[in-house]
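Heads up, run_0.cif below (mmCIF, C-alpha atoms):
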```
data_query
#
loop_
_atom_site.label_atom_id
_atom_site.label_comp_id
_atom_site.auth_asym_id
_atom_site.auth_seq_id
_atom_site.Cartn_x
_atom_site.Cartn_y
_atom_site.Cartn_z
CA MET A 234 -87.40 -32.43 225.41
CA LYS A 235 -84.98 -29.86 226.72
CA LYS A 236 -81.61 -29.10 225.23
CA ALA A 237 -78.84 -31.05 226.86
CA GLY A 238 -76.51 -29.27 229.21
CA LYS A 239 -78.80 -26.42 230.28
CA ASP A 240 -80.12 -28.31 233.29
CA ILE A 241 -76.75 -29.75 234.28
CA PRO A 242 -74.99 -28.00 237.18
CA THR A 243 -71.48 -26.71 236.71
CA LYS A 244 -68.57 -27.21 239.08
CA SER A 245 -68.50 -24.62 241.79
CA GLY A 246 -65.35 -22.70 242.55
CA THR A 247 -62.59 -21.42 240.33
CA LYS A 248 -61.19 -23.33 237.41
CA THR A 249 -57.81 -24.92 237.87
CA ASN A 250 -55.05 -23.18 235.98
CA PRO A 251 -53.76 -25.76 233.46
CA LYS A 252 -50.21 -24.44 233.89
CA SER A 253 -50.29 -25.42 237.55
CA GLN A 254 -51.06 -29.05 236.74
CA LYS A 255 -47.57 -30.42 236.47
CA GLU A 256 -46.74 -34.10 236.64
CA VAL A 257 -44.70 -34.55 239.80
CA PRO A 258 -43.15 -37.98 240.41
CA GLY A 259 -44.38 -39.40 243.69
CA GLN A 260 -47.19 -36.86 244.05
CA MET A 261 -49.95 -38.41 246.17
CA LEU A 262 -53.67 -38.10 245.77
CA ASP A 263 -54.20 -35.82 248.76
CA LYS A 264 -51.94 -33.18 247.16
CA ALA A 265 -53.66 -33.44 243.80
CA SER A 266 -57.04 -33.03 245.43
CA LYS A 267 -56.17 -29.45 246.37
CA GLU A 268 -56.54 -28.56 242.68
CA ILE A 269 -59.32 -30.91 241.63
CA PRO A 270 -61.71 -32.35 244.23
CA THR A 271 -61.58 -36.15 244.42
CA THR A 272 -64.31 -38.55 245.36
CA SER A 273 -63.31 -39.83 248.75
CA GLY A 274 -66.11 -41.95 250.05
CA THR A 275 -66.68 -43.20 246.50
CA LYS A 276 -70.41 -43.68 246.31
CA SER A 277 -71.58 -40.79 248.47
CA GLN A 278 -69.96 -37.88 246.60
CA ILE A 279 -70.54 -39.33 243.14
CA MET A 280 -74.17 -39.93 244.01
CA MET A 281 -74.53 -36.39 245.35
CA ARG A 282 -73.32 -34.96 242.06
CA LEU A 283 -75.57 -37.21 240.01
CA GLU A 284 -78.53 -36.56 242.30
CA LYS A 285 -78.00 -32.81 241.89
CA MET A 286 -78.12 -33.25 238.13
CA VAL A 287 -81.42 -35.10 238.51
CA GLU A 288 -82.93 -32.60 240.96
CA GLU A 289 -82.29 -29.72 238.57
CA SER A 290 -83.91 -31.52 235.67
CA ASP A 291 -87.28 -33.09 234.98
CA ILE A 292 -86.06 -36.66 234.54
CA MET A 293 -87.89 -38.04 237.56
CA HIS A 294 -91.18 -36.72 236.14
CA ASP A 295 -91.10 -39.36 233.40
CA THR A 296 -89.37 -37.03 230.95
CA ILE A 297 -86.77 -38.58 228.67
CA ARG A 298 -83.68 -36.42 228.29
CA SER A 299 -81.21 -36.49 225.42
CA ILE A 300 -77.70 -35.35 226.30
CA ASP A 301 -75.63 -34.28 223.31
CA ILE A 302 -72.10 -35.56 223.89
CA ASP A 303 -69.60 -33.90 221.57
CA GLU A 304 -66.75 -35.79 219.91
CA GLY A 305 -64.22 -34.45 222.40
CA VAL A 306 -65.47 -36.90 225.02
CA PHE A 307 -65.51 -40.27 223.24
CA GLY A 308 -63.96 -39.40 219.87
CA ILE A 309 -67.33 -39.44 218.15
CA ALA A 310 -70.40 -37.29 218.74
CA HIS A 311 -73.56 -39.00 219.90
CA SER A 312 -76.64 -38.47 222.02
CA GLU A 313 -77.17 -40.30 225.29
CA ILE A 314 -80.77 -41.00 226.29
CA ILE A 315 -81.42 -40.68 230.03
CA ALA A 316 -84.77 -41.70 231.48
CA LYS A 317 -86.34 -42.19 234.89
CA GLU A 318 -85.36 -45.85 235.06
CA ASP A 319 -81.70 -44.91 234.59
CA MET A 320 -81.78 -42.54 237.55
CA GLN A 321 -83.54 -45.15 239.66
CA GLN A 322 -80.31 -47.11 239.51
CA LEU A 323 -78.90 -44.42 241.78
CA PHE A 324 -81.76 -43.97 244.19
CA GLU A 325 -82.56 -47.68 244.53
CA HIS A 326 -78.87 -48.62 244.83
CA GLU A 327 -78.74 -50.81 241.74
CA GLU A 328 -75.92 -51.67 239.37
CA LEU A 329 -75.07 -48.66 237.18
CA GLY A 330 -75.83 -48.98 233.48
CA ILE A 331 -74.01 -47.58 230.46
CA ALA A 332 -76.20 -44.46 230.22
CA VAL A 333 -75.31 -43.35 233.75
CA ILE A 334 -71.61 -44.19 233.25
CA HIS A 335 -71.48 -42.18 230.02
CA THR A 336 -73.39 -39.24 231.51
CA TYR A 337 -71.01 -38.93 234.44
CA ILE A 338 -67.97 -39.15 232.13
CA TRP A 339 -69.45 -36.33 230.04
CA TYR A 340 -70.14 -34.29 233.20
CA MET A 341 -66.59 -34.91 234.44
CA TYR A 342 -65.09 -33.95 231.06
CA ASP A 343 -67.21 -30.82 230.84
CA THR A 344 -66.49 -29.58 234.37
CA LEU A 345 -62.89 -30.71 234.96
CA MET A 346 -61.19 -31.10 231.60
CA ARG A 347 -62.67 -29.03 228.81
CA GLY A 348 -60.32 -26.28 227.68
CA THR A 349 -57.36 -27.52 229.76
CA GLU A 350 -54.27 -29.62 229.12
CA LEU A 351 -56.09 -32.54 230.69
CA CYS A 352 -57.86 -33.08 227.34
CA ASN A 353 -54.48 -34.01 225.84
CA ARG A 354 -53.61 -36.38 228.66
CA PHE A 355 -56.83 -38.31 229.28
CA ASN A 356 -59.22 -39.84 226.75
CA PHE A 357 -62.36 -41.92 227.11
CA ILE A 358 -63.65 -44.95 225.22
CA ALA A 359 -67.41 -45.44 225.24
CA ALA A 360 -68.43 -48.52 227.22
CA SER A 361 -70.97 -49.28 224.51
CA ARG A 362 -68.15 -49.90 222.00
CA ILE A 363 -66.38 -52.74 223.79
CA ASN A 364 -67.78 -55.26 226.25
CA THR A 365 -67.84 -59.03 226.62
CA MET A 366 -70.99 -59.50 224.55
CA LEU A 367 -69.67 -57.47 221.60
CA ILE A 368 -66.30 -59.20 221.68
CA THR A 369 -67.96 -62.62 221.67
CA LYS A 370 -70.13 -61.64 218.72
CA ASN A 371 -67.49 -59.93 216.56
CA PRO A 372 -64.00 -59.46 218.04
CA THR A 373 -62.58 -58.03 214.81
CA SER A 374 -65.19 -55.29 214.70
CA VAL A 375 -64.51 -54.36 218.34
CA LYS A 376 -60.78 -54.28 217.69
CA ASN A 377 -61.29 -51.95 214.73
CA GLU A 378 -63.55 -49.70 216.83
CA LEU A 379 -60.71 -49.33 219.34
CA VAL A 380 -58.18 -48.57 216.62
CA ASP A 381 -60.48 -45.91 215.18
CA ARG A 382 -60.76 -44.31 218.63
CA PHE A 383 -56.97 -44.28 218.99
CA MET A 384 -56.57 -42.69 215.56
CA VAL A 385 -58.93 -39.81 216.40
CA ALA A 386 -56.65 -38.48 219.14
CA GLY A 387 -53.69 -37.76 216.86
CA ASP A 388 -50.20 -39.24 216.80
CA ASN A 389 -50.22 -40.47 220.42
CA THR A 390 -46.50 -39.85 220.74
CA THR A 391 -47.20 -37.73 223.83
CA PRO A 392 -48.00 -39.96 226.80
CA SER A 393 -51.71 -40.07 227.52
CA LEU A 394 -54.23 -42.49 228.98
CA TYR A 395 -57.32 -44.01 227.39
CA PHE A 396 -59.96 -44.93 229.97
CA LEU A 397 -62.15 -47.90 229.09
CA PRO A 398 -64.97 -48.70 231.54
CA PHE A 399 -65.41 -52.39 230.74
CA ASN A 400 -68.49 -54.44 231.60
CA SER A 401 -68.59 -58.22 231.66
CA GLY A 402 -72.02 -58.14 230.00
CA ASN A 403 -75.68 -58.62 230.92
CA GLY A 404 -75.51 -56.06 233.71
CA GLY A 405 -72.35 -57.67 235.00
CA HIS A 406 -69.24 -56.39 236.73
CA TRP A 407 -67.54 -53.07 235.88
CA VAL A 408 -63.74 -52.72 235.79
CA LEU A 409 -61.50 -49.94 234.51
CA VAL A 410 -58.83 -50.46 231.86
CA ALA A 411 -56.43 -47.54 231.32
CA MET A 412 -54.15 -47.72 228.26
CA ASP A 413 -50.90 -45.83 227.63
CA LEU A 414 -50.22 -46.38 223.93
CA SER A 415 -46.83 -44.68 223.86
CA ARG A 416 -45.36 -46.78 226.67
CA LEU A 417 -47.25 -49.99 225.84
CA MET A 418 -48.68 -50.07 229.34
CA VAL A 419 -52.17 -51.17 230.33
CA TYR A 420 -53.43 -50.56 233.88
CA TYR A 421 -56.19 -52.76 235.29
CA LEU A 422 -58.35 -51.51 238.17
CA ASP A 423 -60.92 -53.83 239.73
CA SER A 424 -62.91 -53.16 242.91
CA LEU A 425 -63.19 -56.93 243.37
CA LEU A 426 -60.17 -59.13 243.83
CA GLY A 427 -58.75 -60.53 240.61
CA ASP A 428 -57.00 -59.48 237.45
CA TRP A 429 -57.48 -59.42 233.68
CA SER A 430 -57.27 -63.22 233.49
CA LYS A 431 -61.00 -63.17 234.26
CA TYR A 432 -61.57 -61.56 230.85
CA PRO A 433 -59.12 -63.18 228.40
CA SER A 434 -61.06 -62.09 225.32
CA MET A 435 -60.98 -58.48 226.48
CA LYS A 436 -57.22 -58.56 227.03
CA LYS A 437 -56.65 -60.21 223.66
CA THR A 438 -58.78 -57.59 221.89
CA VAL A 439 -57.13 -54.64 223.65
CA ASP A 440 -53.64 -55.97 222.91
CA ALA A 441 -54.51 -56.60 219.25
CA ALA A 442 -55.97 -53.09 218.87
CA ILE A 443 -52.90 -51.41 220.39
CA LEU A 444 -50.54 -53.36 218.13
CA LYS A 445 -52.65 -52.69 215.03
CA PHE A 446 -52.76 -48.98 215.83
CA ARG A 447 -49.00 -48.82 216.26
CA SER A 448 -48.53 -50.75 213.03
CA LYS A 449 -50.75 -48.29 211.11
CA LYS A 450 -48.66 -45.45 212.55
CA ASN A 451 -45.41 -47.24 211.71
CA TYR A 452 -44.30 -47.15 215.34
CA ARG A 453 -41.72 -49.67 216.44
CA ASN A 454 -42.78 -52.05 219.19
CA ARG A 455 -39.68 -52.08 221.35
CA LYS A 456 -41.25 -54.34 223.95
CA ASP A 457 -44.31 -56.41 224.72
CA ILE A 458 -47.44 -54.82 226.15
CA THR A 459 -47.25 -54.77 229.93
CA TRP A 460 -50.38 -55.15 232.05
CA VAL A 461 -50.32 -53.84 235.62
CA ARG A 462 -52.89 -54.57 238.32
CA VAL A 463 -53.28 -51.42 240.39
CA GLN A 464 -54.08 -51.89 244.07
CA CYS A 465 -57.29 -49.92 244.47
CA PRO A 466 -60.18 -49.49 246.93
CA GLN A 467 -62.48 -52.51 247.15
CA GLN A 468 -66.25 -52.67 247.26
CA ASN A 469 -67.97 -54.47 250.13
CA ASN A 470 -71.04 -55.61 248.22
CA SER A 471 -71.95 -56.94 244.78
CA ILE A 472 -73.35 -53.80 243.15
CA ASP A 473 -71.06 -50.79 243.70
CA CYS A 474 -68.50 -51.58 240.98
CA GLY A 475 -69.83 -48.85 238.67
CA PHE A 476 -69.38 -46.20 241.33
CA PHE A 477 -65.81 -47.36 241.91
CA VAL A 478 -64.98 -47.15 238.19
CA LEU A 479 -66.20 -43.55 238.16
CA ARG A 480 -64.09 -42.82 241.24
CA PHE A 481 -60.98 -44.40 239.74
CA MET A 482 -61.20 -42.23 236.62
CA ARG A 483 -61.82 -39.04 238.52
CA ASP A 484 -59.03 -39.66 241.04
CA ILE A 485 -56.47 -40.46 238.34
CA ILE A 486 -57.39 -37.29 236.46
CA ALA A 487 -57.04 -35.35 239.72
CA LEU A 488 -53.60 -36.85 240.26
CA ASN A 489 -52.72 -35.86 236.68
CA ARG A 490 -50.32 -38.74 236.19
CA ILE A 491 -50.10 -41.02 233.19
CA ASP A 492 -47.99 -43.63 234.96
CA ILE A 493 -50.42 -44.87 237.60
CA PRO A 494 -48.58 -45.96 240.76
CA LYS A 495 -49.52 -49.40 242.03
CA MET A 496 -50.28 -47.84 245.42
CA VAL A 497 -51.95 -44.63 244.28
CA TRP A 498 -54.65 -44.89 246.95
CA ASN A 499 -53.48 -44.73 250.55
CA ASN A 500 -54.89 -47.49 252.73
CA ASN A 501 -57.28 -48.56 249.92
CA ASN A 502 -60.01 -46.12 250.90
#
```

Could you render the structure from this file as structure tokens?
Amino acid sequence: MKKAGKDIPTKSGTKTNPKSQKEVPGQMLDKASKEIPTTSGTKSQIMMRLEKMVEESDIMHDTIRSIDIDEGVFGIAHSEIIAKEDMQQLFEHEELGIAVIHTYIWYMYDTLMRGTELCNRFNFIAASRINTMLITKNPTSVKNELVDRFMVAGDNTTPSLYFLPFNSGNGGHWVLVAMDLSRLMVYYLDSLLGDWSKYPSMKKTVDAAILKFRSKKNYRNRKDITWVRVQCPQQNNSIDCGFFVLRFMRDIIALNRIDIPKMVWNNNN
């Protein structure tokens, strides 16, 4: 088994100067993309990056790879096991699983964020820590997992976003939940029509975790938690939701805005 990271390609081109990444009200995605490439076309560019990772490794030769993900990515260090069957999800156009989602988040963090101010503005919650099945089994445990993740990042008085790729369970639908703890805002991004009412237990758990975190920090709750459905690109089949969640995260990081505009994507493409 080879050491993680040595077979993973790095982002070509020069690194973005963190000082140039200023939050500009009204800045659109096409301007942000001049500093950090975005994933227009959703599936094609994300797949190309993931396929390149596979081509430069030995995964497709039945070798199991262990990727060491440091605590900077998900707030806790762990190893992600990637095997041939995981990569077949890409090549056979299947629903993406947690291992592929986590690996791309790690790749994105390592190539776009590490060592820049973006690490203070965008955080990730492991999809394995909160999903419909876990909430059904033990909602209190899931809530506490979320609170622990919030606590790792510091005082959270500076606006930042927590990205949660949420799965409905049993290989179900992926959506993205982005939480701003300082402003009590939660953004919901779904590549299928609908809103958070489809997942009431998820919303209840997220709300409870945010309030418990703020209580532990002795922050005043000046208002109720506000959920916002962001108008985002839509999938045209039943299996591309995972690719869209990866695109949403990458595009928001490229935009470098904590307050996600409802119409951040022009013409929903």

In terms of the shortest atom-to-atom distance over all atoms listed in the file, which of A:Phe383, A:Tyr432, A:Phe476, A:Phe396 is closest to Ile368 of chain A?
-> A:Tyr432

Hey, what comes out of the PyMOL selection byres ((chain A and resi 422) around 8) on this file? Could you write it as a PyMOL selection string?
-> chain A and resi 408-410+420-421+423-424+462-465+478+481

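Ranking A:Leu329, A:Val439, A:Leu414, A:Ile486 by their shortest atom-to-atom distance to Thr365 of chain A, with all atoms listed in the file included, puts A:Val439 first.
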
Pick from A:Leu426, A:Ala332, A:Met418, A:Ala487: nearest to His406 of chain A, with all atoms listed in the file counted?
-> A:Leu426

Specify as a PyMOL selection string each residue included when the PyMOL selection byres ((chain A and resi 353) around 9) is applied to this file.
-> chain A and resi 349-352+354-356+386+391-393

Selected residues, C-alpha atoms, written as a PDB file, in the frame of the given file, please.
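Written out: selection-v6.pdb:
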```pdb
ATOM      1  CA  THR A 349     -57.360 -27.520 229.760  1.00  0.00           C
ATOM      2  CA  GLU A 350     -54.270 -29.620 229.120  1.00  0.00           C
ATOM      3  CA  LEU A 351     -56.090 -32.540 230.690  1.00  0.00           C
ATOM      4  CA  CYS A 352     -57.860 -33.080 227.340  1.00  0.00           C
ATOM      5  CA  ARG A 354     -53.610 -36.380 228.660  1.00  0.00           C
ATOM      6  CA  PHE A 355     -56.830 -38.310 229.280  1.00  0.00           C
ATOM      7  CA  ASN A 356     -59.220 -39.840 226.750  1.00  0.00           C
ATOM      8  CA  ALA A 386     -56.650 -38.480 219.140  1.00  0.00           C
ATOM      9  CA  THR A 391     -47.200 -37.730 223.830  1.00  0.00           C
ATOM     10  CA  PRO A 392     -48.000 -39.960 226.800  1.00  0.00           C
ATOM     11  CA  SER A 393     -51.710 -40.070 227.520  1.00  0.00           C
TER      12      SER A 393
END
```
